[in-house]
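Next up, final-v6.csv (CSV, C-alpha atoms):
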chain,number,residue,atom,x,y,z
A,1,MET,CA,106.5,142.6,231.0
A,2,SER,CA,103.1,142.0,232.7
A,3,GLU,CA,102.6,142.5,236.4
A,4,HIS,CA,101.9,138.8,236.9
A,5,SER,CA,105.3,137.8,235.4
A,6,GLN,CA,107.1,140.3,237.5
A,7,LEU,CA,105.5,139.0,240.7
A,8,SER,CA,106.3,135.4,239.7
A,9,ALA,CA,110.0,136.3,239.3
A,10,LEU,CA,110.3,137.5,242.9
A,11,PRO,CA,112.2,135.2,245.3
A,12,THR,CA,110.1,133.2,247.8
A,13,VAL,CA,110.4,134.6,251.4
A,14,GLU,CA,110.8,132.2,254.2
A,15,ARG,CA,108.4,132.7,257.2
A,16,PRO,CA,108.1,130.8,260.4
A,17,SER,CA,105.0,128.5,261.0
A,18,ARG,CA,103.1,127.7,264.1
A,19,THR,CA,102.7,124.1,265.1
A,20,VAL,CA,101.4,122.3,268.1
A,21,THR,CA,103.7,120.2,270.3
A,22,GLY,CA,103.0,116.5,269.5
A,23,TRP,CA,102.9,115.6,273.2
A,24,ALA,CA,99.9,117.9,273.7
A,25,ALA,CA,98.1,116.7,270.6
A,26,LEU,CA,98.7,113.0,271.2
A,27,PRO,CA,96.1,112.6,274.0
A,28,VAL,CA,93.5,114.2,271.8
A,29,THR,CA,94.2,111.7,269.1
A,30,LEU,CA,94.0,108.8,271.5
A,31,LEU,CA,90.7,110.1,273.0
A,32,LEU,CA,89.2,110.4,269.5
A,33,LEU,CA,90.1,106.8,268.7
A,34,LEU,CA,89.0,105.5,272.1
A,35,ALA,CA,85.6,107.4,271.9
A,36,GLY,CA,85.1,106.2,268.4
A,37,VAL,CA,85.7,102.6,269.4
A,38,LEU,CA,83.4,102.9,272.4
A,39,ALA,CA,80.6,104.4,270.3
A,40,PHE,CA,81.0,101.8,267.6
A,41,GLY,CA,80.9,99.1,270.3
A,42,ARG,CA,77.8,100.5,272.0
A,43,SER,CA,76.0,100.5,268.6
A,44,LEU,CA,77.0,96.9,268.0
A,45,ALA,CA,75.9,96.0,271.6
A,46,ALA,CA,72.4,97.4,270.9
A,47,ALA,CA,72.2,95.2,267.8
A,48,GLY,CA,73.2,92.1,269.8
A,49,ASP,CA,70.3,92.4,272.1
A,50,GLY,CA,67.9,91.7,269.3
A,51,GLY,CA,67.2,95.3,268.4
A,52,SER,CA,68.5,97.4,265.6
A,53,PRO,CA,71.9,99.0,265.9
A,54,SER,CA,72.1,102.6,267.0
A,55,TRP,CA,72.8,104.3,263.7
A,56,PRO,CA,73.7,107.7,265.3
A,57,LEU,CA,76.3,106.0,267.5
A,58,LEU,CA,77.5,103.9,264.6
A,59,VAL,CA,78.0,107.0,262.4
A,60,LEU,CA,79.6,108.9,265.3
A,61,GLY,CA,81.9,106.1,266.1
A,62,LEU,CA,83.1,105.7,262.5
A,63,ALA,CA,83.5,109.5,262.2
A,64,LEU,CA,85.6,109.7,265.4
A,65,VAL,CA,87.8,106.8,264.4
A,66,ALA,CA,88.3,108.3,260.9
A,67,LEU,CA,89.2,111.7,262.5
A,68,GLY,CA,91.7,110.0,264.8
A,69,LEU,CA,93.3,108.1,262.0
A,70,VAL,CA,93.6,111.2,259.9
A,71,SER,CA,95.1,113.2,262.7
A,72,ILE,CA,97.9,110.6,263.0
A,73,GLY,CA,99.3,111.9,259.7
A,74,GLY,CA,99.9,115.3,261.3
A,75,TYR,CA,102.7,114.1,263.6
A,76,PHE,CA,106.3,114.6,262.7
A,77,ALA,CA,109.6,114.9,264.4
A,78,LEU,CA,112.6,117.2,263.6
A,79,GLN,CA,116.2,116.6,264.6
A,80,PRO,CA,118.5,119.6,265.5
A,81,ASN,CA,119.4,121.5,262.3
A,82,GLU,CA,116.5,120.1,260.4
A,83,ALA,CA,113.4,122.0,259.1
A,84,ARG,CA,110.1,121.1,257.5
A,85,VAL,CA,108.4,123.2,254.8
A,86,LEU,CA,104.6,123.2,255.3
A,87,VAL,CA,102.6,123.3,252.0
A,88,LEU,CA,98.8,123.0,252.0
A,89,PHE,CA,97.4,122.2,248.6
A,90,GLY,CA,100.2,124.1,246.8
A,91,ASP,CA,100.1,127.1,249.2
A,92,TYR,CA,103.3,127.7,251.2
A,93,ARG,CA,102.3,128.2,254.9
A,94,GLY,CA,105.7,128.5,256.5
A,95,THR,CA,108.7,126.6,257.8
A,96,CYS,CA,109.1,124.8,261.1
A,97,LYS,CA,112.7,124.8,262.4
A,98,GLN,CA,112.2,123.9,266.0
A,99,SER,CA,113.5,120.4,266.8
A,100,GLY,CA,111.3,118.0,268.7
A,101,PHE,CA,107.9,116.3,268.3
A,102,HIS,CA,105.3,118.4,266.5
A,103,TRP,CA,101.7,118.1,265.2
A,104,ALA,CA,100.4,120.2,262.2
A,105,ASN,CA,97.6,120.0,259.7
A,106,PRO,CA,97.7,116.4,258.4
A,107,PHE,CA,96.9,117.6,254.9
A,108,TYR,CA,100.2,119.4,254.6
A,109,SER,CA,102.1,118.0,251.7
A,110,ASN,CA,104.2,114.9,252.2
A,111,ALA,CA,105.9,114.9,248.8
A,112,SER,CA,109.6,114.5,248.5
A,113,VAL,CA,111.9,117.5,248.4
A,114,GLY,CA,115.0,118.1,246.4
A,115,HIS,CA,117.6,116.0,248.2
A,116,GLY,CA,119.2,115.0,245.0
A,117,SER,CA,122.6,113.4,245.4
A,118,THR,CA,125.9,114.2,243.7
A,119,ALA,CA,127.9,111.7,241.7
A,120,GLU,CA,130.3,111.1,244.6
A,121,GLU,CA,127.5,109.9,246.9
A,122,GLY,CA,126.8,106.9,244.9
A,123,GLU,CA,123.6,104.9,244.0
A,124,GLY,CA,122.6,104.3,247.6
A,125,ALA,CA,122.3,108.0,248.3
A,126,SER,CA,120.3,108.4,245.0
A,127,ALA,CA,117.8,105.8,246.0
A,128,LYS,CA,117.5,107.3,249.4
A,129,ALA,CA,116.8,110.7,247.9
A,130,LYS,CA,113.7,109.3,246.1
A,131,ARG,CA,111.9,108.4,249.3
A,132,PRO,CA,109.2,110.7,250.6
A,133,GLY,CA,110.8,113.4,252.8
A,134,ARG,CA,107.7,115.2,254.1
A,135,LEU,CA,109.4,118.3,252.6
A,136,LYS,CA,112.1,118.1,255.2
A,137,VAL,CA,115.3,120.1,254.6
A,138,SER,CA,118.6,119.5,256.4
A,139,LEU,CA,120.2,122.7,257.7
A,140,ARG,CA,123.5,121.0,258.5
A,141,ALA,CA,126.7,122.0,256.8
A,142,ARG,CA,127.4,119.9,253.7
A,143,THR,CA,130.7,119.4,251.8
A,144,LEU,CA,130.9,119.3,248.0
A,145,ASN,CA,134.2,117.8,246.9
A,146,GLY,CA,134.4,118.9,243.2
A,147,GLU,CA,135.9,116.8,240.5
A,148,ARG,CA,139.1,117.9,238.7
A,149,LEU,CA,138.3,120.2,235.8
A,150,LYS,CA,140.5,120.9,232.8
A,151,VAL,CA,140.3,124.7,232.0
A,152,ASN,CA,142.5,127.4,230.6
A,153,ASP,CA,144.0,130.1,232.9
A,154,ARG,CA,144.2,133.8,232.1
A,155,ARG,CA,147.2,133.3,229.7
A,156,GLY,CA,145.5,130.4,227.9
A,157,ASN,CA,147.6,127.6,229.5
A,158,PRO,CA,145.6,124.4,230.1
A,159,ILE,CA,145.5,123.5,233.8
A,160,GLU,CA,143.7,121.1,236.1
A,161,ILE,CA,141.8,122.5,239.1
A,162,ALA,CA,139.5,121.3,241.8
A,163,ALA,CA,137.9,122.8,244.9
A,164,VAL,CA,136.0,121.8,248.0
A,165,VAL,CA,132.9,123.8,249.0
A,166,VAL,CA,131.3,123.8,252.5
A,167,TRP,CA,127.7,125.0,252.3
A,168,ARG,CA,124.4,124.9,254.1
A,169,VAL,CA,120.7,125.8,253.5
A,170,ALA,CA,119.8,129.2,255.1
A,171,ASP,CA,116.5,129.9,253.4
A,172,THR,CA,114.3,126.8,253.1
A,173,ALA,CA,111.6,128.5,251.0
A,174,ARG,CA,114.1,129.5,248.3
A,175,ALA,CA,115.8,126.1,248.4
A,176,VAL,CA,112.5,124.2,247.8
A,177,PHE,CA,110.5,126.6,245.6
A,178,ASP,CA,112.9,128.8,243.6
A,179,VAL,CA,115.1,126.0,242.2
A,180,GLU,CA,114.3,122.5,240.9
A,181,ASP,CA,116.9,120.6,243.0
A,182,PHE,CA,119.1,122.7,245.2
A,183,VAL,CA,121.7,120.0,245.7
A,184,SER,CA,122.3,119.7,241.9
A,185,TYR,CA,122.1,123.4,241.6
A,186,VAL,CA,124.9,123.8,244.1
A,187,ALA,CA,127.1,121.3,242.2
A,188,THR,CA,126.4,122.9,238.8
A,189,GLN,CA,127.0,126.5,240.0
A,190,SER,CA,130.2,125.4,241.9
A,191,GLU,CA,131.7,124.0,238.7
A,192,THR,CA,130.7,127.1,236.7
A,193,ALA,CA,132.2,129.4,239.3
A,194,LEU,CA,135.4,127.4,239.5
A,195,ARG,CA,135.8,127.6,235.7
A,196,HIS,CA,135.2,131.3,235.7
A,197,LEU,CA,137.7,131.8,238.5
A,198,ALA,CA,140.4,129.9,236.7
A,199,SER,CA,140.0,132.1,233.6
A,200,ARG,CA,140.4,135.3,235.7
A,201,TYR,CA,143.9,134.4,237.1
A,202,ALA,CA,147.1,133.1,235.7
A,203,TYR,CA,148.6,129.9,237.1
A,204,ASP,CA,151.9,131.5,238.0
A,205,HIS,CA,153.8,134.8,237.7
A,206,GLY,CA,155.1,135.9,234.3
A,207,GLU,CA,158.4,137.4,233.3
A,208,THR,CA,157.6,140.0,230.8
A,209,SER,CA,156.9,143.0,233.1
A,210,ASP,CA,156.8,144.0,236.7
A,211,GLU,CA,153.0,144.3,236.5
A,212,GLU,CA,152.7,140.6,235.7
A,213,ALA,CA,155.3,139.7,238.5
A,214,GLN,CA,153.0,141.4,241.1
A,215,GLU,CA,149.6,140.1,239.8
A,216,THR,CA,147.5,137.6,241.8
A,217,THR,CA,148.0,134.0,240.7
A,218,LEU,CA,146.4,130.7,241.4
A,219,ARG,CA,149.5,129.1,242.8
A,220,SER,CA,151.0,132.0,244.9
A,221,ASP,CA,147.8,133.6,246.3
A,222,VAL,CA,145.7,130.7,247.5
A,223,GLU,CA,144.0,132.6,250.2
A,224,VAL,CA,143.0,135.5,247.9
A,225,VAL,CA,141.8,133.1,245.2
A,226,SER,CA,139.8,131.0,247.7
A,227,GLU,CA,138.1,134.1,249.1
A,228,ALA,CA,137.2,135.2,245.6
A,229,LEU,CA,135.7,131.8,244.9
A,230,ARG,CA,133.7,131.9,248.1
A,231,TRP,CA,132.3,135.3,247.3
A,232,GLU,CA,131.3,134.4,243.7
A,233,LEU,CA,129.7,131.2,244.9
A,234,GLY,CA,127.7,133.2,247.5
A,235,GLN,CA,126.4,135.4,244.8
A,236,ARG,CA,125.4,132.6,242.5
A,237,LEU,CA,123.8,130.4,245.2
A,238,ALA,CA,121.8,133.2,246.9
A,239,GLN,CA,118.9,132.4,244.6
A,240,ALA,CA,118.7,128.9,246.1
A,241,GLY,CA,118.8,130.2,249.7
A,242,VAL,CA,122.3,128.6,250.2
A,243,VAL,CA,125.1,130.1,252.2
A,244,VAL,CA,128.8,129.2,251.3
A,245,GLU,CA,130.8,128.9,254.5
A,246,GLN,CA,134.1,127.9,253.0
A,247,ALA,CA,135.6,127.3,249.5
A,248,ARG,CA,139.2,126.2,248.9
A,249,LEU,CA,141.3,124.8,246.1
A,250,THR,CA,142.2,121.2,246.6
A,251,HIS,CA,144.1,120.5,243.4
A,252,LEU,CA,146.1,122.7,241.0
A,253,ALA,CA,148.4,121.6,238.3
A,254,TYR,CA,149.3,122.1,234.7
A,255,ALA,CA,147.6,119.8,232.2
A,256,PRO,CA,149.7,116.7,231.4
A,257,GLU,CA,150.4,117.8,227.8
A,258,ILE,CA,152.3,120.9,229.0
A,259,ALA,CA,153.5,119.8,232.4
A,260,GLN,CA,157.0,118.7,231.3
A,261,ALA,CA,157.5,122.0,229.4
A,262,MET,CA,156.4,124.1,232.3
A,263,LEU,CA,158.6,122.1,234.6
A,264,ARG,CA,161.6,122.8,232.5
A,265,ARG,CA,160.6,126.5,232.4
A,266,GLN,CA,160.4,126.6,236.2
A,267,GLN,CA,163.8,124.9,236.5
A,268,ALA,CA,165.3,127.5,234.1
A,269,ASP,CA,163.7,130.3,236.2
A,270,ALA,CA,165.3,128.8,239.3
A,271,VAL,CA,168.8,128.6,237.7
A,272,ILE,CA,168.6,132.1,236.4
A,273,ALA,CA,167.5,133.4,239.8
A,274,ALA,CA,170.4,131.6,241.5
A,275,ARG,CA,172.9,132.8,238.9
A,276,ARG,CA,171.7,136.4,239.4
A,277,LYS,CA,172.2,136.1,243.1
A,278,ILE,CA,175.7,134.7,242.7
A,279,VAL,CA,176.7,137.4,240.3
A,280,ILE,CA,175.4,140.2,242.6
A,281,GLY,CA,177.3,138.7,245.5
A,282,ALA,CA,180.5,138.3,243.5
A,283,VAL,CA,180.4,141.9,242.3
A,284,SER,CA,180.1,143.1,245.9
A,285,MET,CA,182.9,140.9,247.0
A,286,VAL,CA,185.2,142.2,244.2
A,287,ASP,CA,184.4,145.8,245.0
A,288,MET,CA,185.1,145.2,248.6
A,289,ALA,CA,188.5,143.6,247.8
A,290,LEU,CA,189.6,146.4,245.6
A,291,HIS,CA,188.4,149.0,248.1
A,292,ASP,CA,190.3,147.4,251.0
A,293,LEU,CA,193.5,147.0,249.0
A,294,ALA,CA,193.4,150.6,247.9
A,295,SER,CA,192.5,152.0,251.4
A,296,LYS,CA,195.1,150.0,253.2
A,297,GLY,CA,197.9,150.7,250.6
A,298,LEU,CA,198.9,147.0,250.4
A,299,VAL,CA,199.5,147.1,246.7
A,300,ALA,CA,199.3,149.6,243.9
A,301,LEU,CA,197.4,148.4,240.8
A,302,ASP,CA,196.9,150.0,237.5
A,303,ASP,CA,193.8,149.7,235.4
A,304,GLN,CA,195.1,146.7,233.5
A,305,GLN,CA,196.0,144.9,236.7
A,306,LYS,CA,192.6,145.7,238.2
A,307,ALA,CA,190.8,144.4,235.2
A,308,ALA,CA,192.8,141.1,235.4
A,309,MET,CA,192.2,140.8,239.1
A,310,VAL,CA,188.4,141.4,238.6
A,311,GLY,CA,188.3,138.8,235.9
A,312,ASN,CA,190.1,136.2,238.0
A,313,LEU,CA,187.9,136.9,241.1
A,314,MET,CA,184.7,136.7,239.0
A,315,VAL,CA,185.8,133.3,237.6
A,316,VAL,CA,186.6,132.0,241.1
A,317,LEU,CA,183.4,133.3,242.7
A,318,CYS,CA,181.0,132.4,239.8
A,319,GLY,CA,182.5,129.2,238.6
A,320,GLU,CA,180.8,125.9,239.4
A,321,SER,CA,183.9,123.7,239.2
A,322,GLU,CA,186.7,123.8,241.7
A,323,VAL,CA,189.3,126.4,240.8
A,324,ARG,CA,193.0,125.4,240.7
A,325,PRO,CA,195.1,128.5,241.4
A,326,VAL,CA,198.4,129.1,239.6
A,327,VAL,CA,201.0,130.6,241.9
A,328,ASN,CA,203.3,133.2,240.2
A,329,THR,CA,206.8,132.9,241.8
A,330,GLY,CA,208.0,135.9,239.9
A,331,THR,CA,209.9,136.4,236.6
A,332,PRO,CA,213.3,134.7,236.2

Could you take the file, read its structure, and then write that structure out as structure tokens?
Amino acid sequence: MSEHSQLSALPTVERPSRTVTGWAALPVTLLLLLAGVLAFGRSLAAAGDGGSPSWPLLVLGLALVALGLVSIGGYFALQPNEARVLVLFGDYRGTCKQSGFHWANPFYSNASVGHGSTAEEGEGASAKAKRPGRLKVSLRARTLNGERLKVNDRRGNPIEIAAVVVWRVADTARAVFDVEDFVSYVATQSETALRHLASRYAYDHGETSDEEAQETTLRSDVEVVSEALRWELGQRLAQAGVVVEQARLTHLAYAPEIAQAMLRRQQADAVIAARRKIVIGAVSMVDMALHDLASKGLVALDDQQKAAMVGNLMVVLCGESEVRPVVNTGTP
């Protein structure tokens, strides 16, 4: 690889620029226009007296007026959390981030910058993005509400997932010069990162092993998954000078074609868990009953009678329907 290609691949480094306050430059522009008009008027006044116009005054007046008109193009205003990238004939000269009224070289580029809109912003925002922006870049926090994506989780189950991303431009030079359109770049990379994240985690815990029961899942570990998404987006968007402040899942569900089957599986898991808890409780109660009867000497039971008692108690404690006891009044 040549040295020129290696240098061209390096990221652009943002640097501050020096501008003049517009309120200090405004009197100079007014004086240029006023002096030009006066000189032009004196030249025409000399021609009105029957003589020839004063060509030096005429040329000086036209030059002063032209210089004043050109200097008007150097004025610009910045709102809080707004920056302007200064480019002179293709050469990056710095970024102005101070809010207020400024004056800079009027030959700095006034071309539009990548304010491309997403699909959610509509046609009005798209038309607005095509207007000249004097290379202004908003530093405010922006929200990308991603569309629902149909992807496969770690186990291959089709799921629907969506996320919201809060981001802002931190390096204006990278945002303008290192990517074609940083807004579209954020939208594309957010979708790619979300698809990759969904493939790394399972939707819910499995049942085959203790290891799967303790793994991180999309449904149970929302905070962990959201932090992983934010970190991955930060790595992907660093090239565009974008900082991700927050990323969270807004929608998570099984795909419609398997939603009913997965719902029945979840219901079965709930029934099994409830049955297991009931059985554990019933066993402990039977053990307590046998232990209390033996310790207090209320009745002496052989093994066959204990087995019958255990069976009856388990039926009573674990049965779903109401139990109707049969009272034994003794043998005739």

To one decimal place in Å, what is the distance between CA of Val70 (chain A) and CA of Trp23 (chain A)? 16.8 Å

Find the residues around region 201-206 of chain A up to 10 Å (all atoms listed in the file counted), leave out those fewer than 5 positions away in its own chain, and share them as a tab-separated table (two decimals) with C-alpha atoms, in the frame of the given file.
chain	number	residue	atom	x	y	z
A	152	ASN	CA	142.50	127.40	230.60
A	153	ASP	CA	144.00	130.10	232.90
A	154	ARG	CA	144.20	133.80	232.10
A	155	ARG	CA	147.20	133.30	229.70
A	156	GLY	CA	145.50	130.40	227.90
A	157	ASN	CA	147.60	127.60	229.50
A	158	PRO	CA	145.60	124.40	230.10
A	159	ILE	CA	145.50	123.50	233.80
A	196	HIS	CA	135.20	131.30	235.70
A	211	GLU	CA	153.00	144.30	236.50
A	212	GLU	CA	152.70	140.60	235.70
A	213	ALA	CA	155.30	139.70	238.50
A	214	GLN	CA	153.00	141.40	241.10
A	215	GLU	CA	149.60	140.10	239.80
A	216	THR	CA	147.50	137.60	241.80
A	217	THR	CA	148.00	134.00	240.70
A	218	LEU	CA	146.40	130.70	241.40
A	219	ARG	CA	149.50	129.10	242.80
A	220	SER	CA	151.00	132.00	244.90
A	221	ASP	CA	147.80	133.60	246.30
A	225	VAL	CA	141.80	133.10	245.20
A	252	LEU	CA	146.10	122.70	241.00
A	253	ALA	CA	148.40	121.60	238.30
A	254	TYR	CA	149.30	122.10	234.70
A	266	GLN	CA	160.40	126.60	236.20

Counting only C-alpha atoms, what is within 12 Å of Phe40 (chain A), bar same-chain residues fewer than 4 positions away, as a PyMOL selection string? chain A and resi 33-36+44-47+53-66

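In this model, the gap between CA of Glu191 (chain A) and CA of Val85 (chain A) comes to 28.3 Å.
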
Can you tell me which residues surround Glu245 (chain A) at a distance of at most 8 Å, considering all atoms listed in the file, apart from same-chain residues fewer than 6 positions away, and format the answer as a PyMOL selection string? chain A and resi 165-168+230

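Here CA of Ser71 (chain A) stands at a distance of 28.7 Å from CA of Asp171 (chain A).
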
What's around Leu313 (chain A) at 9 Å? Count all atoms listed in the file, leave out sequence neighbours fewer than 4 positions away in its own chain, and write the answer as a ChimeraX atom specification. /A:282,285-286,308-309,317-318

Neighbours of Val137 (chain A) within 7 Å (all atoms listed in the file; same-chain residues fewer than 3 positions away dropped), as number ranges by chain? A: 82-84, 172

Tell me which of A:Val243, A:Ala163, A:Leu38, A:Cys96 sits closest to Arg140 (chain A), counting all atoms listed in the file.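 Answer, going by the shortest atom-to-atom distance: A:Val243.
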
Taking (110.5, 123.8, 249.8) in the file's own coordinates, collect the residues within 9 Å, counting all atoms listed in the file, and hand them back as JSON, numbers by chain. {"A": [84, 85, 86, 87, 92, 95, 113, 114, 135, 136, 137, 172, 173, 174, 175, 176, 177, 178]}

Local residues around (137.9, 115.3, 237.9), at most 9 Å away, using only C-alpha atoms, as a PyMOL selection string: chain A and resi 146-150+160-162

With N, CA and C atoms as the target, complete region 54-81 of chain A and hand it back as an mmCIF file, in the frame of the given file.
data_model
loop_
_atom_site.group_PDB
_atom_site.id
_atom_site.type_symbol
_atom_site.label_atom_id
_atom_site.label_comp_id
_atom_site.auth_asym_id
_atom_site.auth_seq_id
_atom_site.Cartn_x
_atom_site.Cartn_y
_atom_site.Cartn_z
ATOM 1 N N SER A 54 72.258 101.183 266.842
ATOM 2 C CA SER A 54 72.100 102.600 267.000
ATOM 3 C C SER A 54 72.831 103.337 265.874
ATOM 4 N N TRP A 55 72.093 103.733 264.853
ATOM 5 C CA TRP A 55 72.800 104.300 263.700
ATOM 6 C C TRP A 55 73.485 105.648 264.074
ATOM 7 N N PRO A 56 72.943 106.483 264.914
ATOM 8 C CA PRO A 56 73.700 107.700 265.300
ATOM 9 C C PRO A 56 75.034 107.361 265.960
ATOM 10 N N LEU A 57 74.999 106.353 266.871
ATOM 11 C CA LEU A 57 76.300 106.000 267.500
ATOM 12 C C LEU A 57 77.220 105.336 266.527
ATOM 13 N N LEU A 58 76.672 104.555 265.587
ATOM 14 C CA LEU A 58 77.500 103.900 264.600
ATOM 15 C C LEU A 58 78.223 104.972 263.715
ATOM 16 N N VAL A 59 77.440 105.937 263.255
ATOM 17 C CA VAL A 59 78.000 107.000 262.400
ATOM 18 C C VAL A 59 79.017 107.829 263.218
ATOM 19 N N LEU A 60 78.648 108.132 264.482
ATOM 20 C CA LEU A 60 79.600 108.900 265.300
ATOM 21 C C LEU A 60 80.848 108.154 265.594
ATOM 22 N N GLY A 61 80.741 106.850 265.846
ATOM 23 C CA GLY A 61 81.900 106.100 266.100
ATOM 24 C C GLY A 61 82.856 106.015 264.882
ATOM 25 N N LEU A 62 82.261 105.773 263.710
ATOM 26 C CA LEU A 62 83.100 105.700 262.500
ATOM 27 C C LEU A 62 83.722 107.098 262.225
ATOM 28 N N ALA A 63 82.990 108.169 262.470
ATOM 29 C CA ALA A 63 83.500 109.500 262.200
ATOM 30 C C ALA A 63 84.689 109.804 263.189
ATOM 31 N N LEU A 64 84.532 109.423 264.468
ATOM 32 C CA LEU A 64 85.600 109.700 265.400
ATOM 33 C C LEU A 64 86.854 108.864 265.123
ATOM 34 N N VAL A 65 86.657 107.597 264.731
ATOM 35 C CA VAL A 65 87.800 106.800 264.400
ATOM 36 C C VAL A 65 88.512 107.317 263.139
ATOM 37 N N ALA A 66 87.722 107.709 262.138
ATOM 38 C CA ALA A 66 88.300 108.300 260.900
ATOM 39 C C ALA A 66 89.069 109.561 261.237
ATOM 40 N N LEU A 67 88.491 110.418 262.085
ATOM 41 C CA LEU A 67 89.200 111.700 262.500
ATOM 42 C C LEU A 67 90.453 111.390 263.224
ATOM 43 N N GLY A 68 90.442 110.394 264.099
ATOM 44 C CA GLY A 68 91.700 110.000 264.800
ATOM 45 C C GLY A 68 92.738 109.493 263.916
ATOM 46 N N LEU A 69 92.336 108.644 262.948
ATOM 47 C CA LEU A 69 93.300 108.100 262.000
ATOM 48 C C LEU A 69 93.908 109.178 261.124
ATOM 49 N N VAL A 70 93.076 110.130 260.689
ATOM 50 C CA VAL A 70 93.600 111.200 259.900
ATOM 51 C C VAL A 70 94.560 112.090 260.641
ATOM 52 N N SER A 71 94.253 112.336 261.930
ATOM 53 C CA SER A 71 95.100 113.200 262.700
ATOM 54 C C SER A 71 96.496 112.595 262.960
ATOM 55 N N ILE A 72 96.594 111.273 262.843
ATOM 56 C CA ILE A 72 97.900 110.600 263.000
ATOM 57 C C ILE A 72 98.896 111.119 261.964
ATOM 58 N N GLY A 73 98.377 111.429 260.779
ATOM 59 C CA GLY A 73 99.300 111.900 259.700
ATOM 60 C C GLY A 73 99.861 113.278 259.972
ATOM 61 N N GLY A 74 99.389 113.979 260.999
ATOM 62 C CA GLY A 74 99.900 115.300 261.300
ATOM 63 C C GLY A 74 101.128 115.310 262.199
ATOM 64 N N TYR A 75 101.526 114.144 262.713
ATOM 65 C CA TYR A 75 102.700 114.100 263.600
ATOM 66 C C TYR A 75 103.977 113.979 262.833
ATOM 67 N N PHE A 76 104.969 114.696 263.281
ATOM 68 C CA PHE A 76 106.300 114.600 262.700
ATOM 69 C C PHE A 76 107.329 115.035 263.709
ATOM 70 N N ALA A 77 108.533 114.564 263.531
ATOM 71 C CA ALA A 77 109.600 114.900 264.400
ATOM 72 C C ALA A 77 110.769 115.530 263.648
ATOM 73 N N LEU A 78 111.428 116.491 264.256
ATOM 74 C CA LEU A 78 112.600 117.200 263.600
ATOM 75 C C LEU A 78 113.778 117.046 264.529
ATOM 76 N N GLN A 79 114.883 116.704 263.919
ATOM 77 C CA GLN A 79 116.200 116.600 264.600
ATOM 78 C C GLN A 79 116.778 118.043 264.648
ATOM 79 N N PRO A 80 117.788 118.252 265.483
ATOM 80 C CA PRO A 80 118.500 119.600 265.500
ATOM 81 C C PRO A 80 119.039 119.848 264.066
ATOM 82 N N ASN A 81 118.949 121.102 263.646
ATOM 83 C CA ASN A 81 119.400 121.500 262.300
ATOM 84 C C ASN A 81 118.617 120.825 261.209
#
